[in-house]
Amino acid sequence: MEADQIRQKFLKFFEDKGHQIVPSAPLVTDDPSVLLTTAGMQPFKKYFLSEKSPFGSRVTSCQKCFRTSDIDQVGDQSHLTFLEMLGNFSFGDYFKTEAAAWALEILTKEYQLPLERLRFTYFGGDKGLSADLEIKEIWQKLGISSDVILPYGREDNFWGPTGRSGPCGPTTEIHYDSTGQPCSRGDQCQPGCSCGRFVEIWNLVFNQYYQDESGSLSPLEQVGIDTGMGLERLTLAVQGVSSVFETDLFQPMLEHLNATPDDYHHRPKPYRILFDHLRGVIFLVSEGIEPSNVEQGYVLRRIIRRLIEAADDLQIKPDHLSAALKWLEDKYFKIYPEIQGAASQADLILEKERNRLSRAIQKGLSQLSAVGQQISGQEAFKLYSTYGLSPQELEKQGYQFDRQEVERAIEEHKKISRRGAEKKFGGHGLKEEGLSDQSQAITKLHTATHLLQAALREVLGSEVRQRGSDINPERLRFDFSFSRPLTEEELMEVSRRVNQYIQSGLAMTKESMKLSEAEAQGVLTVEGHQYPTEVDVYAIINRDGSIVSREVCAGPHVKNTQDLGRFRIVKEQSSSAGVRRIKAILEDD
Ligand SMILES: [Zn+2]
Ligand SMILES: [Zn+2]
């Protein structure tokens, strides 16, 4: 079954179930919380609240989406910037029973996915919220075996609200088993496993609560259904291939790029970048976006740069890029008529950006010629960050430098811009992947911060209190009240204690209680911080039962300190009057 049929079948199926088909909204949205549309529900947001839907209470759509937070990860198995999101929506109409039954029906009957390849996750209860046993029972009644209906926590199976308040609720997700074989983790290989066996294909969100500013939930008067299924991932499952790039949404582009499937399998990464970015470029251009240094224009400029680099790398000529763009226009024209004429426009823009890029390269290089062919890693990085000159390009020009140092600096740079992008562009729908390593690093460093504060208080006295904390995947930064620089001995003793706690393998426990009670028990809080009335208290208890640390905190934390590796303080300095600052890292043992 081709992707075009898969898309059409979805809309037709839900039309037959009384849904109105609503054409995709533009990528450029008037929603101030996002730069570009990132999920199928975005155009319908207001109908989940009080506003009446002009399309009726049941709608279905295939929405153009663009995820800026994933740009740098495109090239692996699954990341995309542009994607098409299929969805069915209920505004105060049907609820869980119908949504689940229809999802199962279309996947197994219309798309003929084997039931044994599907897994169903649901909200198993977390942070004082009860489990969604209703959906568990619905899946069971539909004939799904209990051992493939799996409970997950709030991070995985609870959605929203988007801001500080708004509708939210539990979700159920359908995952596709792409290999039929567990990885080396055996029974632990379940949806979410990092081996990539399971592909999340459909997310069904049950809007049933309203969260107010204080964080408390009340039942929504009008419940709603919001679902999102990436067409690319569904096509992967239906066509039984191992990557979205191997579906008929992308593979035919090879011919136009004057390449063969063999070429692709030989060097998948640059081809995947071309596949994704060509599609992204033509859709952005079709909405009138032009390259610039701000907002949507900057997104376009970035993907054009990566596209040009990948094309140069593969020695693909501009003519072949044009042919691929034309193919895309012809392919999508029937579904998204606004794309008509965009291929030739994209050609012109690519040409202009290519010239602009080579001028930048010339300018960057001209600054260098004075220092000769041997340059420092820092300089090479600066050429990358300022002029977009990649290390490959520099090497091609005959320059020599410490390649590893530059790559490290570039990675760091990307992570920082990615984090900024996530903050700004967070939407919802399919979960963003590829962040697991970073979020794991943050989880560890955050947990280490608890141990650091405990050790500081032991060594320097209990007047030490947290004044601030900032964590990124590379390091922790901890500000605390103390009036003088720490001595070498004190720093060593603090490190020694933290490492001792890590090596002892102490469990981290969590307990919910009223804030007033936590304060009465002397649990540490951060002065001046606003807490909800009900809080989580995280404790680390010594082997002999004595308390190492108890803090009111929202996480994230590891379950056992033994997972942290080796703790090392890299800097101690003044932060402001009466406040010291420590920067520390965790190294692999
Ligand atoms: Zn696995
Ligand atoms: Zn914490």
# chains A, B, ... in the order shown; residues from 1 in each chain; ligands from 1
$ residues_near_ligand --ligand "ligand 2" --cutoff "9 Å" --atoms "only C-alpha atoms and all ligand atoms" --output "short mmCIF file (atom, residue, chain, number, x, y, z; two decimals) with N, CA and C atoms, in the first residue's frame"
data_model
loop_
_atom_site.label_atom_id
_atom_site.label_comp_id
_atom_site.auth_asym_id
_atom_site.auth_seq_id
_atom_site.Cartn_x
_atom_site.Cartn_y
_atom_site.Cartn_z
N THR A 443 19.58 14.10 34.33
CA THR A 443 19.04 13.41 35.50
C THR A 443 20.15 13.07 36.49
N HIS A 446 21.58 16.25 38.05
CA HIS A 446 20.64 16.81 39.01
C HIS A 446 20.69 16.04 40.32
N THR A 447 20.74 14.71 40.23
CA THR A 447 20.81 13.90 41.45
C THR A 447 22.11 14.20 42.21
N ALA A 448 23.19 14.34 41.45
CA ALA A 448 24.48 14.65 42.08
C ALA A 448 24.42 15.98 42.83
N THR A 449 23.57 16.90 42.36
CA THR A 449 23.44 18.19 43.04
C THR A 449 22.92 18.01 44.47
N HIS A 450 22.00 17.04 44.65
CA HIS A 450 21.52 16.75 46.00
C HIS A 450 22.68 16.30 46.90
N VAL A 537 9.07 14.94 48.23
CA VAL A 537 10.29 15.01 49.03
C VAL A 537 11.19 13.85 48.60
N TYR A 538 12.40 14.18 48.13
CA TYR A 538 13.35 13.16 47.73
C TYR A 538 14.39 12.96 48.82
N GLU A 551 15.25 16.70 50.35
CA GLU A 551 14.94 17.99 49.72
C GLU A 551 13.58 17.94 49.05
N VAL A 552 12.90 19.05 49.07
CA VAL A 552 11.70 19.19 48.26
C VAL A 552 12.18 19.44 46.84
N CYS A 553 11.71 18.64 45.90
CA CYS A 553 12.24 18.75 44.55
C CYS A 553 11.26 18.16 43.56
N ALA A 554 11.40 18.57 42.31
CA ALA A 554 10.50 18.04 41.28
C ALA A 554 11.24 17.11 40.33
N GLY A 555 12.50 16.84 40.62
CA GLY A 555 13.22 15.89 39.79
C GLY A 555 13.90 16.50 38.59
N PRO A 556 14.42 15.70 37.69
CA PRO A 556 14.40 14.23 37.63
C PRO A 556 15.57 13.60 38.39
N HIS A 557 15.38 12.39 38.88
CA HIS A 557 16.41 11.73 39.68
C HIS A 557 16.65 10.30 39.26
#
$ closest_atom_pairs --of "chain A" --to "ligand 1" --cutoff "10 Å" --atoms "only C-alpha atoms and all ligand atoms" --output "JSON lines"
{"residue": "A:Thr179", "atom": "CA", "partner": "ligand 1", "partner_atom_place_in_ligand_line": "1 (Zn)", "distance": 9.9}
{"residue": "A:Gln181", "atom": "CA", "partner": "ligand 1", "partner_atom_place_in_ligand_line": "1 (Zn)", "distance": 8.4}
{"residue": "A:Pro182", "atom": "CA", "partner": "ligand 1", "partner_atom_place_in_ligand_line": "1 (Zn)", "distance": 5.5}
{"residue": "A:Cys183", "atom": "CA", "partner": "ligand 1", "partner_atom_place_in_ligand_line": "1 (Zn)", "distance": 4.3}
{"residue": "A:Ser184", "atom": "CA", "partner": "ligand 1", "partner_atom_place_in_ligand_line": "1 (Zn)", "distance": 6.7}
{"residue": "A:Arg185", "atom": "CA", "partner": "ligand 1", "partner_atom_place_in_ligand_line": "1 (Zn)", "distance": 5.9}
{"residue": "A:Gly186", "atom": "CA", "partner": "ligand 1", "partner_atom_place_in_ligand_line": "1 (Zn)", "distance": 7.3}
{"residue": "A:Asp187", "atom": "CA", "partner": "ligand 1", "partner_atom_place_in_ligand_line": "1 (Zn)", "distance": 8.7}
{"residue": "A:Gln188", "atom": "CA", "partner": "ligand 1", "partner_atom_place_in_ligand_line": "1 (Zn)", "distance": 7.1}
{"residue": "A:Cys189", "atom": "CA", "partner": "ligand 1", "partner_atom_place_in_ligand_line": "1 (Zn)", "distance": 3.9}
{"residue": "A:Gln190", "atom": "CA", "partner": "ligand 1", "partner_atom_place_in_ligand_line": "1 (Zn)", "distance": 6.4}
{"residue": "A:Pro191", "atom": "CA", "partner": "ligand 1", "partner_atom_place_in_ligand_line": "1 (Zn)", "distance": 8.1}
{"residue": "A:Gly192", "atom": "CA", "partner": "ligand 1", "partner_atom_place_in_ligand_line": "1 (Zn)", "distance": 8.1}
{"residue": "A:Cys193", "atom": "CA", "partner": "ligand 1", "partner_atom_place_in_ligand_line": "1 (Zn)", "distance": 4.6}
{"residue": "A:Ser194", "atom": "CA", "partner": "ligand 1", "partner_atom_place_in_ligand_line": "1 (Zn)", "distance": 6.0}
{"residue": "A:Cys195", "atom": "CA", "partner": "ligand 1", "partner_atom_place_in_ligand_line": "1 (Zn)", "distance": 4.3}
{"residue": "A:Gly196", "atom": "CA", "partner": "ligand 1", "partner_atom_place_in_ligand_line": "1 (Zn)", "distance": 6.5}
{"residue": "A:Arg197", "atom": "CA", "partner": "ligand 1", "partner_atom_place_in_ligand_line": "1 (Zn)", "distance": 5.8}
{"residue": "A:Phe198", "atom": "CA", "partner": "ligand 1", "partner_atom_place_in_ligand_line": "1 (Zn)", "distance": 7.8}
$ write_last_selection --atoms "C-alpha atoms" --output "PDB file, in the first residue's frame"
ATOM      1  CA  THR A 179      11.670  -6.348  14.366  1.00  0.00           C
ATOM      2  CA  GLN A 181      12.793  -9.686  18.225  1.00  0.00           C
ATOM      3  CA  PRO A 182      13.905  -8.399  21.621  1.00  0.00           C
ATOM      4  CA  CYS A 183      17.338  -6.807  21.794  1.00  0.00           C
ATOM      5  CA  SER A 184      19.964  -7.957  24.309  1.00  0.00           C
ATOM      6  CA  ARG A 185      17.775  -6.601  27.106  1.00  0.00           C
ATOM      7  CA  GLY A 186      15.390  -9.532  26.651  1.00  0.00           C
ATOM      8  CA  ASP A 187      12.110  -9.102  28.532  1.00  0.00           C
ATOM      9  CA  GLN A 188      13.104  -5.522  29.324  1.00  0.00           C
ATOM     10  CA  CYS A 189      12.902  -4.673  25.635  1.00  0.00           C
ATOM     11  CA  GLN A 190       9.576  -2.847  25.698  1.00  0.00           C
ATOM     12  CA  PRO A 191       8.191   0.337  24.087  1.00  0.00           C
ATOM     13  CA  GLY A 192      10.680   3.093  24.801  1.00  0.00           C
ATOM     14  CA  CYS A 193      13.681   0.733  24.652  1.00  0.00           C
ATOM     15  CA  SER A 194      16.651   2.568  23.188  1.00  0.00           C
ATOM     16  CA  CYS A 195      17.340  -0.217  20.680  1.00  0.00           C
ATOM     17  CA  GLY A 196      14.698   1.254  18.378  1.00  0.00           C
ATOM     18  CA  ARG A 197      12.663  -1.939  18.064  1.00  0.00           C
ATOM     19  CA  PHE A 198       9.419  -0.172  18.930  1.00  0.00           C
TER      20      PHE A 198
END
$ select_by_dssp --residues "segment 85-186 of chain A" --states "alpha helix (DSSP H)" --output "PyMOL selection string"
chain A and resi 96-105+133-141+154-157
$ write_last_selection --atoms "N, CA and C atoms" --output "PDB file, in the first residue's frame"
ATOM      1  N   LYS A  96     -13.250   7.684  25.062  1.00  0.00           N
ATOM      2  CA  LYS A  96     -12.234   6.623  24.982  1.00  0.00           C
ATOM      3  C   LYS A  96     -12.677   5.357  24.230  1.00  0.00           C
ATOM      4  N   THR A  97     -13.908   4.903  24.504  1.00  0.00           N
ATOM      5  CA  THR A  97     -14.337   3.621  23.932  1.00  0.00           C
ATOM      6  C   THR A  97     -14.271   3.632  22.409  1.00  0.00           C
ATOM      7  N   GLU A  98     -14.872   4.678  21.809  1.00  0.00           N
ATOM      8  CA  GLU A  98     -14.889   4.745  20.354  1.00  0.00           C
ATOM      9  C   GLU A  98     -13.472   4.988  19.802  1.00  0.00           C
ATOM     10  N   ALA A  99     -12.752   5.899  20.444  1.00  0.00           N
ATOM     11  CA  ALA A  99     -11.417   6.239  19.934  1.00  0.00           C
ATOM     12  C   ALA A  99     -10.539   4.995  19.879  1.00  0.00           C
ATOM     13  N   ALA A 100     -10.578   4.188  20.915  1.00  0.00           N
ATOM     14  CA  ALA A 100      -9.741   2.987  20.961  1.00  0.00           C
ATOM     15  C   ALA A 100     -10.223   1.957  19.936  1.00  0.00           C
ATOM     16  N   ALA A 101     -11.537   1.737  19.887  1.00  0.00           N
ATOM     17  CA  ALA A 101     -12.070   0.721  18.979  1.00  0.00           C
ATOM     18  C   ALA A 101     -11.738   1.066  17.526  1.00  0.00           C
ATOM     19  N   TRP A 102     -11.884   2.337  17.165  1.00  0.00           N
ATOM     20  CA  TRP A 102     -11.598   2.747  15.785  1.00  0.00           C
ATOM     21  C   TRP A 102     -10.112   2.638  15.472  1.00  0.00           C
ATOM     22  N   ALA A 103      -9.286   3.006  16.441  1.00  0.00           N
ATOM     23  CA  ALA A 103      -7.839   2.916  16.213  1.00  0.00           C
ATOM     24  C   ALA A 103      -7.459   1.466  15.916  1.00  0.00           C
ATOM     25  N   LEU A 104      -7.994   0.567  16.707  1.00  0.00           N
ATOM     26  CA  LEU A 104      -7.676  -0.844  16.509  1.00  0.00           C
ATOM     27  C   LEU A 104      -8.204  -1.342  15.161  1.00  0.00           C
ATOM     28  N   GLU A 105      -9.430  -0.910  14.860  1.00  0.00           N
ATOM     29  CA  GLU A 105     -10.050  -1.361  13.607  1.00  0.00           C
ATOM     30  C   GLU A 105      -9.240  -0.907  12.390  1.00  0.00           C
ATOM     31  N   LEU A 133      -7.398   3.295  34.495  1.00  0.00           N
ATOM     32  CA  LEU A 133      -7.775   1.881  34.357  1.00  0.00           C
ATOM     33  C   LEU A 133      -8.909   1.699  33.353  1.00  0.00           C
ATOM     34  N   GLU A 134      -9.614   2.811  33.105  1.00  0.00           N
ATOM     35  CA  GLU A 134     -10.715   2.771  32.138  1.00  0.00           C
ATOM     36  C   GLU A 134     -10.213   2.317  30.763  1.00  0.00           C
ATOM     37  N   ILE A 135      -9.123   2.957  30.304  1.00  0.00           N
ATOM     38  CA  ILE A 135      -8.639   2.602  28.956  1.00  0.00           C
ATOM     39  C   ILE A 135      -8.028   1.206  28.948  1.00  0.00           C
ATOM     40  N   LYS A 136      -7.417   0.829  30.066  1.00  0.00           N
ATOM     41  CA  LYS A 136      -6.848  -0.518  30.154  1.00  0.00           C
ATOM     42  C   LYS A 136      -7.956  -1.549  29.918  1.00  0.00           C
ATOM     43  N   GLU A 137      -9.089  -1.310  30.600  1.00  0.00           N
ATOM     44  CA  GLU A 137     -10.223  -2.229  30.476  1.00  0.00           C
ATOM     45  C   GLU A 137     -10.799  -2.218  29.058  1.00  0.00           C
ATOM     46  N   ILE A 138     -10.849  -1.029  28.467  1.00  0.00           N
ATOM     47  CA  ILE A 138     -11.368  -0.939  27.094  1.00  0.00           C
ATOM     48  C   ILE A 138     -10.516  -1.776  26.140  1.00  0.00           C
ATOM     49  N   TRP A 139      -9.186  -1.655  26.272  1.00  0.00           N
ATOM     50  CA  TRP A 139      -8.309  -2.457  25.401  1.00  0.00           C
ATOM     51  C   TRP A 139      -8.540  -3.948  25.649  1.00  0.00           C
ATOM     52  N   GLN A 140      -8.695  -4.315  26.916  1.00  0.00           N
ATOM     53  CA  GLN A 140      -8.928  -5.731  27.231  1.00  0.00           C
ATOM     54  C   GLN A 140     -10.222  -6.226  26.577  1.00  0.00           C
ATOM     55  N   LYS A 141     -11.267  -5.401  26.705  1.00  0.00           N
ATOM     56  CA  LYS A 141     -12.558  -5.796  26.124  1.00  0.00           C
ATOM     57  C   LYS A 141     -12.477  -5.917  24.608  1.00  0.00           C
ATOM     58  N   ARG A 154       3.925   9.572  34.188  1.00  0.00           N
ATOM     59  CA  ARG A 154       3.395  10.848  33.726  1.00  0.00           C
ATOM     60  C   ARG A 154       4.128  11.390  32.500  1.00  0.00           C
ATOM     61  N   GLU A 155       5.449  11.180  32.480  1.00  0.00           N
ATOM     62  CA  GLU A 155       6.223  11.713  31.355  1.00  0.00           C
ATOM     63  C   GLU A 155       5.814  11.091  30.026  1.00  0.00           C
ATOM     64  N   ASP A 156       5.472   9.808  30.058  1.00  0.00           N
ATOM     65  CA  ASP A 156       5.157   9.114  28.814  1.00  0.00           C
ATOM     66  C   ASP A 156       3.682   9.148  28.460  1.00  0.00           C
ATOM     67  N   ASN A 157       2.822   9.027  29.452  1.00  0.00           N
ATOM     68  CA  ASN A 157       1.412   8.828  29.143  1.00  0.00           C
ATOM     69  C   ASN A 157       0.466   9.829  29.803  1.00  0.00           C
TER      70      ASN A 157
END
$ residues_around --residues "Leu506 of chain A" --least-positions-apart "5" --cutoff "10 Å" --atoms "only C-alpha atoms" --output "ChimeraX atom specification"
/A:500-501,539-543,548,559-563
$ atom_distance --atom1 "atom CA of Glu463 of chain A" --atom2 "atom CA of Val579 of chain A"
11.7 Å
$ residues_around --residues "Asn258 of chain A" --least-positions-apart "4" --cutoff "12 Å" --atoms "only C-alpha atoms" --output "PyMOL selection string"
chain A and resi 251-254+262-264+271+311+314-324
$ residues_around --residues "segment 56-59 of chain A" --least-positions-apart "4" --cutoff "12 Å" --atoms "only C-alpha atoms" --output "VMD selection string"
chain A and resid 10 to 24 40 to 41 43 to 44 47 to 48 51 to 52 86 to 95 98 to 99 222 to 227
$ write_last_selection --atoms "C-alpha atoms" --output "tab-separated table (two decimals), in the first residue's frame"
chain	number	residue	atom	x	y	z
A	10	PHE	CA	-7.37	7.30	7.12
A	11	LEU	CA	-9.45	10.32	6.19
A	12	LYS	CA	-12.10	8.19	4.48
A	13	PHE	CA	-12.33	5.82	7.45
A	14	PHE	CA	-13.06	8.64	9.86
A	15	GLU	CA	-15.35	10.38	7.41
A	16	ASP	CA	-17.42	7.19	7.40
A	17	LYS	CA	-17.53	7.46	11.20
A	18	GLY	CA	-19.13	10.89	10.98
A	19	HIS	CA	-16.02	13.10	10.96
A	20	GLN	CA	-15.64	16.15	8.78
A	21	ILE	CA	-12.37	16.17	6.81
A	22	VAL	CA	-10.63	19.50	7.47
A	23	PRO	CA	-7.76	20.52	5.16
A	24	SER	CA	-4.36	21.09	6.72
A	40	GLY	CA	-2.32	18.10	14.31
A	41	MET	CA	-4.34	19.43	17.23
A	43	PRO	CA	-5.41	24.41	14.64
A	44	PHE	CA	-8.21	22.97	16.80
A	47	TYR	CA	-12.44	23.97	20.23
A	48	PHE	CA	-11.22	21.90	23.15
A	51	GLU	CA	-15.31	27.90	21.39
A	52	LYS	CA	-17.74	26.01	19.16
A	86	LEU	CA	-2.98	12.16	10.76
A	87	GLY	CA	-5.55	12.73	13.48
A	88	ASN	CA	-9.13	12.33	14.58
A	89	PHE	CA	-10.68	14.73	17.07
A	90	SER	CA	-13.74	14.84	19.26
A	91	PHE	CA	-14.89	18.07	20.87
A	92	GLY	CA	-17.25	16.91	23.61
A	93	ASP	CA	-18.52	14.10	21.40
A	94	TYR	CA	-17.24	10.50	21.63
A	95	PHE	CA	-14.60	9.48	24.14
A	98	GLU	CA	-14.89	4.75	20.35
A	99	ALA	CA	-11.42	6.24	19.93
A	222	GLN	CA	-16.46	18.95	27.97
A	223	VAL	CA	-14.10	16.02	27.45
A	224	GLY	CA	-12.29	15.61	24.18
A	225	ILE	CA	-10.21	13.31	22.02
A	226	ASP	CA	-7.06	14.41	20.25
A	227	THR	CA	-5.01	11.87	18.37
$ select_by_dssp --residues "segment 118-310 of chain A" --states "strand (DSSP E or B)" --output "ChimeraX atom specification"
/A:118-123,126,129,149-152,158-159,166-177,198-211,217-230
$ residues_around --residues "Ile410 of chain A" --least-positions-apart "3" --cutoff "9 Å" --atoms "only C-alpha atoms" --output "list in words"
Phe381, Tyr384, Ser385, Glu405, Val406, Glu407, His413, Lys414 and Lys415 of chain A
$ write_last_selection --atoms "N, CA and C atoms" --output "short mmCIF file (atom, residue, chain, number, x, y, z; two decimals), in the first residue's frame"
data_model
loop_
_atom_site.label_atom_id
_atom_site.label_comp_id
_atom_site.auth_asym_id
_atom_site.auth_seq_id
_atom_site.Cartn_x
_atom_site.Cartn_y
_atom_site.Cartn_z
N PHE A 381 36.43 26.37 15.32
CA PHE A 381 35.05 26.40 15.79
C PHE A 381 34.41 27.75 15.51
N TYR A 384 33.19 28.00 12.18
CA TYR A 384 31.94 27.25 12.03
C TYR A 384 30.76 28.06 12.55
N SER A 385 30.90 28.59 13.78
CA SER A 385 29.75 29.24 14.40
C SER A 385 29.45 30.60 13.79
N GLU A 405 38.66 18.41 18.98
CA GLU A 405 38.34 19.60 19.77
C GLU A 405 37.20 20.38 19.10
N VAL A 406 37.27 20.50 17.79
CA VAL A 406 36.23 21.24 17.07
C VAL A 406 34.90 20.51 17.14
N GLU A 407 34.93 19.19 16.90
CA GLU A 407 33.69 18.42 16.94
C GLU A 407 33.02 18.57 18.30
N HIS A 413 27.67 23.34 21.16
CA HIS A 413 26.97 24.46 20.54
C HIS A 413 25.58 24.02 20.09
N LYS A 414 25.50 22.83 19.46
CA LYS A 414 24.23 22.32 18.97
C LYS A 414 23.28 22.01 20.11
N LYS A 415 23.84 21.41 21.15
CA LYS A 415 22.99 21.05 22.28
C LYS A 415 22.35 22.29 22.88
#
$ atom_distance --atom1 "atom CA of Pro151 of chain A" --atom2 "atom CA of Pro170 of chain A"
11.2 Å
$ residues_around --residues "Asp126 of chain A" --least-positions-apart "2" --cutoff "12 Å" --atoms "only C-alpha atoms" --output "list in words"
Tyr122, Phe123, Gly124, Gly128, Leu129, Ser130, Ala131, Asp132, Pro151, Tyr152, Gly153, Arg154, Glu155, Asp156, Asn157, Phe158, Pro170, Lys510, Glu511, Ser512 and Asp536 of chain A
$ write_last_selection --atoms "N, CA and C atoms" --output "mmCIF file, in the first residue's frame"
data_model
loop_
_atom_site.group_PDB
_atom_site.id
_atom_site.type_symbol
_atom_site.label_atom_id
_atom_site.label_comp_id
_atom_site.auth_asym_id
_atom_site.auth_seq_id
_atom_site.Cartn_x
_atom_site.Cartn_y
_atom_site.Cartn_z
ATOM 1 N N TYR A 122 -0.535 2.833 28.615
ATOM 2 C CA TYR A 122 -1.543 3.701 29.229
ATOM 3 C C TYR A 122 -0.953 4.334 30.472
ATOM 4 N N PHE A 123 -1.663 5.318 31.004
ATOM 5 C CA PHE A 123 -1.164 6.039 32.180
ATOM 6 C C PHE A 123 -1.365 5.180 33.429
ATOM 7 N N GLY A 124 -0.247 4.793 34.062
ATOM 8 C CA GLY A 124 -0.310 3.879 35.195
ATOM 9 C C GLY A 124 -0.414 4.564 36.550
ATOM 10 N N GLY A 128 0.368 11.373 42.661
ATOM 11 C CA GLY A 128 -0.944 11.604 43.244
ATOM 12 C C GLY A 128 -2.112 11.494 42.278
ATOM 13 N N LEU A 129 -1.833 11.187 41.010
ATOM 14 C CA LEU A 129 -2.916 11.023 40.034
ATOM 15 C C LEU A 129 -3.177 9.533 39.852
ATOM 16 N N SER A 130 -4.456 9.163 39.807
ATOM 17 C CA SER A 130 -4.724 7.733 39.716
ATOM 18 C C SER A 130 -4.565 7.239 38.278
ATOM 19 N N ALA A 131 -4.331 5.943 38.159
ATOM 20 C CA ALA A 131 -4.116 5.310 36.864
ATOM 21 C C ALA A 131 -5.378 5.388 36.011
ATOM 22 N N ASP A 132 -5.183 5.352 34.698
ATOM 23 C CA ASP A 132 -6.320 5.349 33.792
ATOM 24 C C ASP A 132 -6.726 3.896 33.509
ATOM 25 N N PRO A 151 1.601 -0.188 31.607
ATOM 26 C CA PRO A 151 1.488 1.098 32.295
ATOM 27 C C PRO A 151 2.788 1.906 32.243
ATOM 28 N N TYR A 152 2.675 3.196 31.987
ATOM 29 C CA TYR A 152 3.832 4.097 32.010
ATOM 30 C C TYR A 152 3.496 5.312 32.872
ATOM 31 N N GLY A 153 4.504 6.109 33.183
ATOM 32 C CA GLY A 153 4.316 7.241 34.092
ATOM 33 C C GLY A 153 3.864 8.516 33.404
ATOM 34 N N ARG A 154 3.925 9.572 34.188
ATOM 35 C CA ARG A 154 3.395 10.848 33.726
ATOM 36 C C ARG A 154 4.128 11.390 32.500
ATOM 37 N N GLU A 155 5.449 11.180 32.480
ATOM 38 C CA GLU A 155 6.223 11.713 31.355
ATOM 39 C C GLU A 155 5.814 11.091 30.026
ATOM 40 N N ASP A 156 5.472 9.808 30.058
ATOM 41 C CA ASP A 156 5.157 9.114 28.814
ATOM 42 C C ASP A 156 3.682 9.148 28.460
ATOM 43 N N ASN A 157 2.822 9.027 29.452
ATOM 44 C CA ASN A 157 1.412 8.828 29.143
ATOM 45 C C ASN A 157 0.466 9.829 29.803
ATOM 46 N N PHE A 158 0.912 11.038 29.920
ATOM 47 C CA PHE A 158 0.014 12.085 30.388
ATOM 48 C C PHE A 158 0.368 13.321 29.614
ATOM 49 N N PRO A 170 -4.776 11.889 30.528
ATOM 50 C CA PRO A 170 -3.967 10.705 30.235
ATOM 51 C C PRO A 170 -3.978 10.383 28.747
ATOM 52 N N LYS A 510 11.148 8.656 47.176
ATOM 53 C CA LYS A 510 10.264 9.803 46.962
ATOM 54 C C LYS A 510 9.021 9.653 47.822
ATOM 55 N N GLU A 511 8.587 10.772 48.389
ATOM 56 C CA GLU A 511 7.406 10.739 49.231
ATOM 57 C C GLU A 511 6.660 12.047 48.993
ATOM 58 N N SER A 512 5.328 11.957 48.824
ATOM 59 C CA SER A 512 4.564 13.187 48.651
ATOM 60 C C SER A 512 3.992 13.622 49.995
ATOM 61 N N ASP A 536 6.801 16.895 46.438
ATOM 62 C CA ASP A 536 7.544 15.634 46.509
ATOM 63 C C ASP A 536 8.819 15.853 47.310
#
$ closest_residue --among "A:Ile335, A:Met229, A:Leu107, A:Leu83" --to "Lys64 of chain A" --atoms "only C-alpha atoms"
A:Leu83
$ atom_distance --atom1 "atom CA of Phe275 of chain A" --atom2 "atom CA of Phe245 of chain A"
7.6 Å
$ decode --residues "segment 142-158 of chain A" --atoms "C-alpha atoms" --output "compact mmCIF listing (two decimals), in the first residue's frame"
# COMPACT_ATOMS: atom_id res chain seq x y z
CA LEU A 142 -11.39 -5.24 22.55
CA GLY A 143 -9.49 -8.49 22.84
CA ILE A 144 -6.00 -7.18 23.54
CA SER A 145 -4.02 -9.50 25.78
CA SER A 146 -3.17 -7.96 29.17
CA ASP A 147 0.55 -8.54 28.80
CA VAL A 148 0.81 -6.09 25.92
CA ILE A 149 -1.17 -3.34 27.71
CA LEU A 150 1.61 -1.60 29.60
CA PRO A 151 1.49 1.10 32.29
CA TYR A 152 3.83 4.10 32.01
CA GLY A 153 4.32 7.24 34.09
CA ARG A 154 3.39 10.85 33.73
CA GLU A 155 6.22 11.71 31.35
CA ASP A 156 5.16 9.11 28.81
CA ASN A 157 1.41 8.83 29.14
CA PHE A 158 0.01 12.09 30.39
